[in-house]
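Data block for structure.txt (compact mmCIF, C-alpha atoms):
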# COMPACT_ATOMS: atom_id res chain seq x y z
CA MET A 184 14.89 -0.08 -18.35
CA LEU A 185 18.22 1.23 -17.10
CA ARG A 186 21.48 -0.61 -17.82
CA GLY A 187 23.87 1.36 -15.75
CA TYR A 188 22.57 4.69 -17.01
CA PRO A 189 21.24 4.54 -20.61
CA VAL A 190 17.47 4.18 -20.90
CA ALA A 191 15.95 1.75 -23.36
CA GLY A 192 12.68 -0.22 -23.35
CA ASP A 193 11.81 -2.70 -20.61
CA ALA A 194 12.61 -6.40 -20.99
CA ALA A 195 10.49 -8.45 -23.36
CA GLY A 196 8.60 -10.26 -20.61
CA ALA A 197 7.73 -7.00 -18.90
CA ARG A 198 6.55 -5.49 -22.18
CA GLU A 199 4.23 -8.42 -22.78
CA ALA A 200 2.81 -8.24 -19.26
CA ALA A 201 2.27 -4.49 -19.46
CA ALA A 202 0.62 -4.79 -22.87
CA GLY A 203 -2.20 -6.75 -21.27
CA ALA A 204 -3.02 -3.81 -19.03
CA MET A 205 -2.85 -0.91 -21.44
CA ALA A 206 -3.21 -0.07 -25.10
CA ALA A 207 0.29 1.34 -25.56
CA PRO A 208 3.58 -0.19 -24.36
CA SER A 209 5.06 1.14 -21.14
CA PRO A 210 7.72 3.82 -21.60
CA GLY A 211 11.00 3.82 -19.71
CA PRO A 212 11.28 5.32 -16.25
CA ARG A 213 12.47 8.65 -17.69
CA GLU A 214 8.95 9.27 -18.98
CA ILE A 215 7.32 8.29 -15.68
CA LEU A 216 9.49 10.19 -13.22
CA ALA A 217 9.86 13.43 -15.14
CA PRO A 218 12.67 15.78 -14.10
CA SER A 219 11.85 18.89 -12.11
CA PRO A 220 13.85 21.86 -10.78
CA GLU A 221 13.25 20.63 -7.23
CA ALA A 222 14.57 17.20 -8.17
CA GLY A 223 17.70 18.76 -9.59
CA ARG A 224 18.32 20.79 -6.44
CA ARG A 225 17.92 17.72 -4.24
CA ALA A 226 20.29 15.74 -6.45
CA ALA A 227 22.88 18.50 -6.28
CA ALA A 228 22.54 18.64 -2.48
CA SER A 229 23.59 15.00 -2.29
CA SER A 230 26.65 15.61 -4.48
CA SER A 231 28.41 12.47 -3.34
CA GLY A 232 25.60 10.50 -5.02
CA HIS A 233 25.50 6.85 -4.10
CA ARG A 234 28.36 7.13 -1.56
CA GLY A 235 26.47 9.86 0.31
CA LEU A 236 23.46 7.58 0.60
CA LEU A 237 25.61 4.78 2.02
CA TRP A 238 27.13 7.15 4.58
CA ARG A 239 23.72 8.31 5.77
CA LEU A 240 22.58 4.72 6.14
CA ARG A 241 25.56 3.89 8.35
CA ASP A 242 24.78 6.68 10.80
CA LYS A 243 21.12 5.83 11.37
CA GLN A 244 19.56 3.85 14.20
CA CYS A 245 16.27 1.95 14.43
CA ARG A 246 13.23 3.81 15.65
CA LEU A 247 9.69 2.76 16.49
CA GLY A 248 10.11 -0.65 14.92
CA LEU A 249 10.97 0.79 11.50
CA PHE A 250 14.58 -0.04 10.72
CA GLU A 251 16.67 1.91 8.24
CA ILE A 252 18.58 -0.52 6.07
CA GLY A 253 22.28 -0.55 6.92
CA PRO A 254 25.21 -1.97 4.93
CA GLY A 255 24.99 -5.33 6.69
CA HIS A 256 21.40 -5.95 5.61
CA GLU A 257 20.90 -8.52 2.84
CA LEU A 258 18.72 -6.09 0.88
CA HIS A 259 20.98 -3.08 1.35
CA GLN A 260 22.52 -3.23 -2.13
CA VAL A 261 19.15 -3.81 -3.77
CA MET A 262 17.52 -0.86 -2.03
CA CYS A 263 20.44 1.47 -2.71
CA LEU A 264 20.38 0.58 -6.39
CA MET A 265 16.62 0.92 -6.44
CA GLN A 266 16.86 4.45 -5.06
CA ALA A 267 19.77 5.36 -7.29
CA GLY A 268 18.02 3.86 -10.30
CA LEU A 269 14.71 5.61 -9.71
CA TRP A 270 16.58 8.86 -9.22
CA ALA A 271 18.81 8.37 -12.25
CA ALA A 272 15.69 7.99 -14.37
CA THR A 273 14.74 11.60 -13.55
CA GLN A 274 18.10 13.19 -14.36
CA VAL A 275 19.61 14.28 -17.66
CA SER A 276 23.17 13.60 -16.50
CA MET A 277 25.05 12.29 -13.46
CA ASP A 278 28.68 12.57 -12.44
CA HIS A 279 28.82 8.94 -11.28
CA PRO A 280 25.90 7.01 -12.78
CA PRO A 281 25.10 3.68 -11.06
CA THR A 282 26.07 0.54 -12.96
CA GLY A 283 25.32 -3.16 -12.86
CA PHE A 284 21.53 -3.06 -12.67
CA GLU A 285 18.42 -2.87 -14.84
CA LEU A 286 15.36 -0.91 -13.77
CA GLY A 287 12.01 -1.11 -15.54
CA THR A 288 8.64 0.59 -15.16
CA LEU A 289 5.45 -1.32 -16.00
CA ALA A 290 2.22 0.32 -17.22
CA GLY A 291 3.83 3.70 -16.62
CA PRO A 292 1.23 6.00 -18.25
CA VAL A 293 -1.61 4.34 -16.33
CA PHE A 294 0.01 4.91 -12.94
CA ALA A 295 1.15 8.42 -13.90
CA ARG A 296 -2.49 9.32 -14.61
CA LEU A 297 -3.55 7.73 -11.34
CA ARG A 298 -0.98 9.78 -9.42
CA ARG A 299 -2.23 12.96 -11.10
CA SER A 300 -5.83 12.10 -10.26
CA LEU A 301 -4.80 11.87 -6.58
CA GLY A 302 -3.19 15.30 -6.73
CA LEU A 303 0.27 13.81 -6.18
CA ALA A 304 2.95 16.09 -7.62
CA GLU A 305 5.71 14.26 -9.45
CA GLU A 306 8.39 16.19 -7.54
CA ASP A 307 6.93 14.92 -4.25
CA TYR A 308 6.89 11.37 -5.59
CA GLN A 309 10.49 11.75 -6.77
CA ALA A 310 11.64 13.27 -3.49
CA ALA A 311 10.15 10.44 -1.44
CA LEU A 312 11.73 7.72 -3.60
CA GLY A 313 14.99 9.49 -4.43
CA PRO A 314 18.38 8.99 -2.76
CA SER A 315 18.24 12.07 -0.53
CA ARG A 316 16.77 9.93 2.27
CA PRO A 317 17.01 6.18 3.05
CA TYR A 318 14.07 3.82 3.10
CA LEU A 319 12.75 2.30 6.33
CA GLN A 320 12.28 -1.44 6.58
CA PHE A 321 8.83 -2.38 7.83
CA LEU A 322 8.75 -5.32 10.25
CA SER A 323 5.82 -7.39 9.00
CA THR A 324 4.22 -10.43 10.64
CA SER A 325 3.17 -11.70 7.20
CA LYS A 326 4.04 -15.30 6.34
CA SER A 327 4.81 -14.38 2.75
CA LYS A 328 8.40 -13.92 1.65
CA ALA A 329 7.72 -10.37 0.53
CA SER A 330 9.85 -7.50 1.79
CA PHE A 331 8.19 -4.29 2.95
CA PHE A 332 9.60 -0.76 3.05
CA LEU A 333 8.41 2.74 3.82
CA SER A 334 9.63 6.02 2.39
CA HIS A 335 11.46 8.19 4.92
CA ASP A 336 8.30 10.23 5.62
CA GLN A 337 6.19 7.02 5.85
CA ARG A 338 3.87 8.36 3.16
CA PHE A 339 4.64 5.67 0.58
CA PHE A 340 4.76 1.92 1.06
CA LEU A 341 6.91 -0.40 -1.07
CA LYS A 342 6.40 -4.14 -1.31
CA THR A 343 8.17 -6.80 -3.37
CA LEU A 344 5.95 -9.05 -5.50
CA ARG A 345 6.31 -12.39 -7.23
CA SER A 346 6.09 -12.39 -11.02
CA ARG A 347 2.67 -14.11 -10.97
CA GLU A 348 1.37 -11.38 -8.64
CA VAL A 349 2.61 -8.71 -11.04
CA GLN A 350 0.88 -10.50 -13.93
CA ALA A 351 -2.38 -10.59 -11.97
CA LEU A 352 -2.08 -6.90 -11.06
CA LEU A 353 -1.46 -5.85 -14.65
CA ALA A 354 -4.24 -8.09 -15.97
CA HIS A 355 -6.69 -6.46 -13.56
CA LEU A 356 -5.34 -2.94 -13.98
CA PRO A 357 -7.98 -1.56 -16.41
CA ARG A 358 -10.80 -2.78 -14.15
CA TYR A 359 -9.00 -1.49 -11.05
CA VAL A 360 -8.72 1.99 -12.57
CA HIS A 361 -12.35 1.89 -13.69
CA HIS A 362 -13.47 0.91 -10.17
CA LEU A 363 -11.58 3.84 -8.65
CA GLN A 364 -13.16 6.19 -11.21
CA ARG A 365 -16.60 4.81 -10.47
CA HIS A 366 -16.07 4.88 -6.68
CA PRO A 367 -13.58 7.70 -5.94
CA HIS A 368 -13.76 7.09 -2.17
CA SER A 369 -13.02 3.38 -2.45
CA LEU A 370 -11.08 1.73 0.39
CA LEU A 371 -8.77 -0.06 -2.07
CA ALA A 372 -5.12 0.84 -1.62
CA ARG A 373 -3.90 3.25 -4.32
CA VAL A 374 -1.09 1.63 -6.31
CA LEU A 375 1.18 4.41 -7.62
CA GLY A 376 3.73 2.44 -9.62
CA VAL A 377 5.02 -1.02 -10.53
CA HIS A 378 8.74 -1.49 -11.19
CA SER A 379 11.22 -4.25 -11.89
CA LEU A 380 14.84 -4.40 -10.80
CA ARG A 381 17.65 -6.78 -11.74
CA VAL A 382 20.96 -6.42 -9.90
CA ALA A 383 23.97 -7.51 -11.99
CA ARG A 384 22.85 -10.76 -13.67
CA GLY A 385 20.67 -11.88 -10.78
CA LYS A 386 16.99 -12.71 -10.74
CA LYS A 387 14.61 -9.90 -11.58
CA LYS A 388 12.70 -8.48 -8.62
CA TYR A 389 9.37 -6.69 -8.83
CA PHE A 390 8.01 -4.12 -6.41
CA ILE A 391 5.03 -1.83 -6.16
CA VAL A 392 4.71 1.64 -4.65
CA MET A 393 1.47 2.44 -2.80
CA GLN A 394 0.06 5.16 -0.63
CA SER A 395 0.46 4.03 2.97
CA VAL A 396 -2.85 3.47 4.75
CA PHE A 397 -1.16 4.30 8.08
CA TYR A 398 -0.28 7.92 7.26
CA PRO A 399 0.31 10.24 9.02
CA ALA A 400 1.47 7.83 11.71
CA GLY A 401 2.50 10.20 14.51
CA ARG A 402 -0.47 9.63 16.84
CA ILE A 403 -1.56 6.11 15.84
CA SER A 404 -1.87 3.87 18.90
CA GLU A 405 -3.00 0.50 17.48
CA ARG A 406 -2.65 -1.20 14.09
CA TYR A 407 -4.45 -4.30 12.79
CA ASP A 408 -4.45 -6.57 9.73
CA ILE A 409 -7.90 -8.18 9.46
CA LYS A 410 -8.89 -11.14 7.25
CA GLY A 411 -12.03 -12.29 9.06
CA CYS A 412 -10.72 -15.72 10.11
CA GLU A 413 -8.90 -17.38 13.02
CA VAL A 414 -6.12 -19.72 11.86
CA SER A 415 -2.72 -18.01 12.24
CA ARG A 416 -4.42 -14.75 13.12
CA TRP A 417 -2.74 -13.98 16.45
CA VAL A 418 0.40 -11.91 17.02
CA GLU A 419 2.20 -11.83 20.34
CA PRO A 420 2.03 -8.17 21.41
CA ALA A 421 5.28 -6.29 21.93
CA PRO A 422 6.46 -6.02 25.55
CA GLU A 423 5.47 -2.86 27.37
CA GLY A 424 8.00 -0.13 26.69
CA SER A 425 9.27 -1.80 23.49
CA VAL A 426 10.11 0.43 20.51
CA LEU A 427 8.57 -2.13 18.15
CA VAL A 428 5.24 -1.19 16.59
CA LEU A 429 3.50 -4.40 15.58
CA VAL A 430 0.56 -4.85 13.25
CA LEU A 431 -1.81 -7.13 15.18
CA LYS A 432 -4.39 -9.54 13.72
CA ASP A 433 -7.96 -10.75 14.07
CA LEU A 434 -7.67 -12.62 17.34
CA ASN A 435 -5.92 -9.66 18.96
CA PHE A 436 -9.04 -7.60 18.21
CA GLN A 437 -11.44 -9.80 20.18
CA GLY A 438 -13.69 -7.81 22.51
CA LYS A 439 -13.09 -4.53 20.67
CA THR A 440 -15.28 -2.50 18.33
CA ILE A 441 -14.91 0.28 15.77
CA ASN A 442 -17.15 3.20 16.73
CA LEU A 443 -17.78 5.12 13.51
CA GLY A 444 -21.03 6.78 14.53
CA PRO A 445 -22.91 8.18 11.49
CA GLN A 446 -20.09 7.04 9.16
CA ARG A 447 -20.80 3.35 9.83
CA SER A 448 -23.41 3.02 7.06
CA TRP A 449 -21.02 4.52 4.52
CA PHE A 450 -18.23 2.17 5.63
CA LEU A 451 -20.40 -0.97 5.43
CA ARG A 452 -21.62 0.00 1.95
CA GLN A 453 -18.11 0.72 0.69
CA MET A 454 -16.88 -2.62 2.02
CA GLU A 455 -19.68 -4.32 0.07
CA LEU A 456 -18.77 -2.47 -3.13
CA ASP A 457 -15.03 -3.10 -2.87
CA THR A 458 -15.24 -6.76 -1.85
CA ALA A 459 -17.81 -7.42 -4.61
CA PHE A 460 -15.29 -5.97 -7.08
CA LEU A 461 -12.51 -8.19 -5.74
CA ARG A 462 -14.84 -11.19 -5.91
CA GLU A 463 -15.44 -10.45 -9.61
CA LEU A 464 -11.65 -10.44 -10.10
CA ASN A 465 -11.50 -13.91 -8.48
CA VAL A 466 -9.19 -12.51 -5.79
CA LEU A 467 -8.88 -13.57 -2.15
CA ASP A 468 -6.54 -13.28 0.84
CA TYR A 469 -6.63 -9.48 0.90
CA SER A 470 -6.61 -7.64 4.23
CA LEU A 471 -8.46 -4.78 5.83
CA LEU A 472 -5.77 -2.61 7.41
CA MET A 473 -7.04 -0.65 10.37
CA ALA A 474 -5.46 1.76 12.85
CA PHE A 475 -6.76 3.90 15.73
CA GLN A 476 -5.87 7.43 16.76
CA ARG A 477 -7.65 9.10 19.67
CA LEU A 478 -9.08 12.49 18.76
CA HIS A 479 -8.23 15.52 20.86
CA GLU A 480 -11.09 17.25 22.60
CA ASP A 481 -11.19 20.10 20.08
CA GLU A 482 -11.32 17.58 17.19
CA ARG A 483 -14.48 15.85 18.41
CA GLY A 484 -18.11 16.63 17.81
CA PRO A 485 -20.23 17.61 14.79
CA GLY A 486 -18.91 21.16 14.71
CA SER A 487 -15.31 20.15 14.15
CA SER A 488 -16.20 17.61 11.47
CA LEU A 489 -18.08 20.29 9.55
CA ILE A 490 -15.05 22.58 9.65
CA PHE A 491 -12.83 19.90 8.14
CA ARG A 492 -15.15 18.99 5.27
CA THR A 493 -13.79 19.95 1.87
CA ALA A 494 -15.09 20.67 -1.62
CA ARG A 495 -12.95 17.92 -3.15
CA SER A 496 -15.29 15.37 -1.52
CA ILE A 497 -18.00 16.10 -4.09
CA ARG A 498 -15.85 17.05 -7.08
CA GLY A 499 -16.97 15.24 -10.21
CA ALA A 500 -20.41 14.21 -8.97
CA GLN A 501 -23.01 15.45 -11.46
CA SER A 502 -26.03 14.97 -9.17
CA ALA A 503 -27.12 13.73 -5.77
CA GLU A 504 -28.18 10.44 -7.41
CA GLU A 505 -24.75 9.97 -8.99
CA SER A 506 -23.00 10.85 -5.75
CA GLY A 507 -25.10 8.24 -3.96
CA ALA A 508 -24.32 5.59 -6.58
CA GLN A 509 -20.62 6.35 -6.18
CA ASN A 510 -21.02 6.15 -2.38
CA ARG A 511 -19.16 9.40 -1.85
CA ARG A 512 -18.68 10.95 1.57
CA LEU A 513 -17.42 14.24 2.94
CA LEU A 514 -13.69 13.79 3.46
CA PRO A 515 -11.69 15.20 6.37
CA ASP A 516 -9.27 17.98 5.50
CA ALA A 517 -6.23 15.85 6.32
CA PRO A 518 -3.39 14.10 4.50
CA ASN A 519 -4.41 10.67 3.19
CA ALA A 520 -8.10 11.61 3.54
CA LEU A 521 -9.29 8.68 1.40
CA HIS A 522 -8.19 6.26 4.10
CA ILE A 523 -9.32 8.30 7.11
CA VAL A 524 -12.75 8.03 8.76
CA ASP A 525 -13.53 9.99 11.91
CA GLY A 526 -15.74 8.53 14.61
CA PRO A 527 -17.00 10.27 17.76
CA GLU A 528 -13.80 9.64 19.74
CA HIS A 529 -11.25 8.09 17.37
CA ARG A 530 -9.82 8.69 13.94
CA TYR A 531 -9.61 5.43 11.97
CA PHE A 532 -7.20 4.61 9.17
CA LEU A 533 -8.85 2.02 6.90
CA GLY A 534 -7.81 0.40 3.62
CA LEU A 535 -7.91 -2.87 1.66
CA VAL A 536 -4.47 -4.16 0.62
CA ASP A 537 -2.82 -7.22 -0.97
CA LEU A 538 -5.09 -7.43 -4.01
CA THR A 539 -3.06 -9.82 -6.20
CA THR A 540 -3.83 -13.36 -4.96
CA VAL A 541 -5.96 -15.18 -7.54
CA TYR A 542 -8.09 -18.22 -6.67
CA GLY A 543 -6.42 -20.64 -9.06
CA LEU A 544 -5.43 -24.29 -8.84
CA ARG A 545 -2.73 -23.63 -6.26
CA LYS A 546 -5.18 -21.95 -3.88
CA ARG A 547 -7.88 -24.55 -4.47
CA LEU A 548 -5.48 -27.30 -3.44
CA GLU A 549 -4.39 -25.24 -0.44
CA GLN A 550 -8.04 -24.85 0.57
CA LEU A 551 -8.54 -28.63 0.40
CA TRP A 552 -5.47 -29.25 2.55
CA LYS A 553 -6.53 -26.67 5.16
CA THR A 554 -10.03 -28.13 5.29
CA LEU A 555 -8.49 -31.44 6.35
CA ARG A 556 -5.88 -29.80 8.59
CA TYR A 557 -8.23 -27.40 10.44
CA PRO A 558 -11.69 -29.01 10.66
CA GLY A 559 -14.31 -26.66 12.05
CA ARG A 560 -11.98 -23.64 12.02
CA THR A 561 -11.90 -20.62 9.70
CA PHE A 562 -8.85 -19.87 7.57
CA SER A 563 -7.98 -17.42 4.81
CA THR A 564 -7.93 -19.75 1.80
CA VAL A 565 -11.56 -19.99 0.72
CA SER A 566 -13.44 -19.08 -2.45
CA PRO A 567 -13.53 -15.36 -3.31
CA ALA A 568 -17.30 -15.25 -2.72
CA CYS A 569 -16.95 -16.79 0.74
CA TYR A 570 -13.95 -14.57 1.54
CA ALA A 571 -15.77 -11.35 0.60
CA ARG A 572 -18.94 -12.31 2.47
CA ARG A 573 -17.05 -13.33 5.61
CA LEU A 574 -14.96 -10.14 5.76
CA CYS A 575 -18.09 -7.99 5.38
CA GLN A 576 -19.75 -9.98 8.16
CA TRP A 577 -16.72 -9.39 10.39
CA VAL A 578 -16.89 -5.65 9.75
CA GLU A 579 -20.61 -5.50 10.46
CA ALA A 580 -20.15 -7.44 13.73
CA HIS A 581 -17.28 -5.25 14.94
CA THR A 582 -18.60 -1.75 14.10
CA GLU A 583 -21.11 0.47 15.77
The structure in this file should be written as structure tokens.
Amino acid sequence: MLRGYPVAGDAAGAREAAAGAMAAPSPGPREILAPSPEAGRRAAASSSGHRGLLWRLRDKQCRLGLFEIGPGHELHQVMCLMQAGLWAATQVSMDHPPTGFELGTLAGPVFARLRRSLGLAEEDYQAALGPSRPYLQFLSTSKSKASFFLSHDQRFFLKTLRSREVQALLAHLPRYVHHLQRHPHSLLARVLGVHSLRVARGKKKYFIVMQSVFYPAGRISERYDIKGCEVSRWVEPAPEGSVLVLVLKDLNFQGKTINLGPQRSWFLRQMELDTAFLRELNVLDYSLLMAFQRLHEDERGPGSSLIFRTARSIRGAQSAEESGAQNRRLLPDAPNALHIVDGPEHRYFLGLVDLTTVYGLRKRLEQLWKTLRYPGRTFSTVSPACYARRLCQWVEAHTE
């Protein structure tokens, strides 16, 4: 945790939560975001520190529905301190260290190992989250009160969580890591870090850092959030010519299909494996994120897909039988390959997100109320077994 600048342990509550997910207590952020020469050069380039970040935020305009957070935004101070705090954790000294906040890192060694297993260099992680560039606010149609942000390059996705969601994530963390080891090409979103932030003496906020499913986003034409139900699953599309890029929902997808060609069988099997895992965790209300990108003529056809196949797709598999049990596939040679599946005409970005909603008493009562409120209609709050089965059925019905 950071108080101003000195690093100590995290708060007692955070230590207890993290202890449930790992054998050893979580270290402070200094141990997670290790300093690097590149980090030092970037910090020196922004010599005005926090003030330089504020100046850059003032000069920016909105673009493509992703809004950079300006001084008038209610979360501006929080995000600036978050960036300054994460960056301060990587530096040995600062001319003007930020004050008035506490920053903590939960289950740090676990997520550091996960980042290494994904080939993510710490200097890249630092650069994306450091103060050299502002975050982008993501305009979500979600009904939750969570806030969503993207790193400046849109590679990393940040989302605020409630404390009970953090507790669920940490409780499931060992099994989550084991599932990713057992199924390296899983569709589950890769969580790269969990942090806490308290500004002044205010309420502690929690946020996670994930790989963005929608990356690289330059040529994506459509984006969807699918839950396999109908209640509250329509989004009014943006007017033609609008700069807003909306994430649409189930009812917006009616009459459309996902043409995966030979990759369909792999996709259906991986959906079964991942949703069965989430069912075992007693989790529901997760989403299948999906985006389309039309392939150029020279990117289509079996020849091009063979060129882009890489050796990392089969790394770690000891035999054909083991590879089959892990449901591995040949990955495209592209950034974010774990979430990219190429069909005959389109490239698809696919991933399962929002994995922290547990089917407890609150959700059981909500299911009862919705049953009375929406007779004969499908909604998201159902048992984990029903939720998993229904989402898999939706995928099977909408793929070819």
Pick from A:Gly507, A:Gly302, A:Pro567, A:Gly444 nearest to A:Glu528, counting only C-alpha atoms: A:Gly444
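Surrounding residues of (-15.3, -11.7, -11.9) at most 12 Å away are His355, Arg358, Thr458, Ala459, Phe460, Leu461, Arg462, Glu463, Leu464, Asn465, Val466, Leu467, Val541, Tyr542, Pro567 and Ala568 of chain A (based on all atoms listed in the file).
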At a cut-off of 8 Å, using all atoms listed in the file, what residues contact stretch 386-388 of chain A? Leave out same-chain residues fewer than 3 positions from it and give the result as a ChimeraX atom specification. /A:343-345,379-382
Just to be explicit: take each residue in the selection above, keep C-alpha atoms, and write the result as a tab-separated table (two decimals), in the frame of the given file.
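Okay, this is what ended up in selection.tsv:
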chain	number	residue	atom	x	y	z
A	343	THR	CA	8.17	-6.80	-3.37
A	344	LEU	CA	5.95	-9.05	-5.50
A	345	ARG	CA	6.31	-12.39	-7.23
A	379	SER	CA	11.22	-4.25	-11.89
A	380	LEU	CA	14.84	-4.40	-10.80
A	381	ARG	CA	17.65	-6.78	-11.74
A	382	VAL	CA	20.96	-6.42	-9.90
Close residues, stretch 554-566 of chain A itself excluded, 6 Å, only C-alpha atoms, min 6 positions apart in chain, as a PyMOL selection string: chain A and resi 412-414+468
Using all atoms listed in the file for the distances, tell me which of A:Leu521, A:Tyr531, A:Val293, A:Val392 is nearest to A:His361. A:Val293
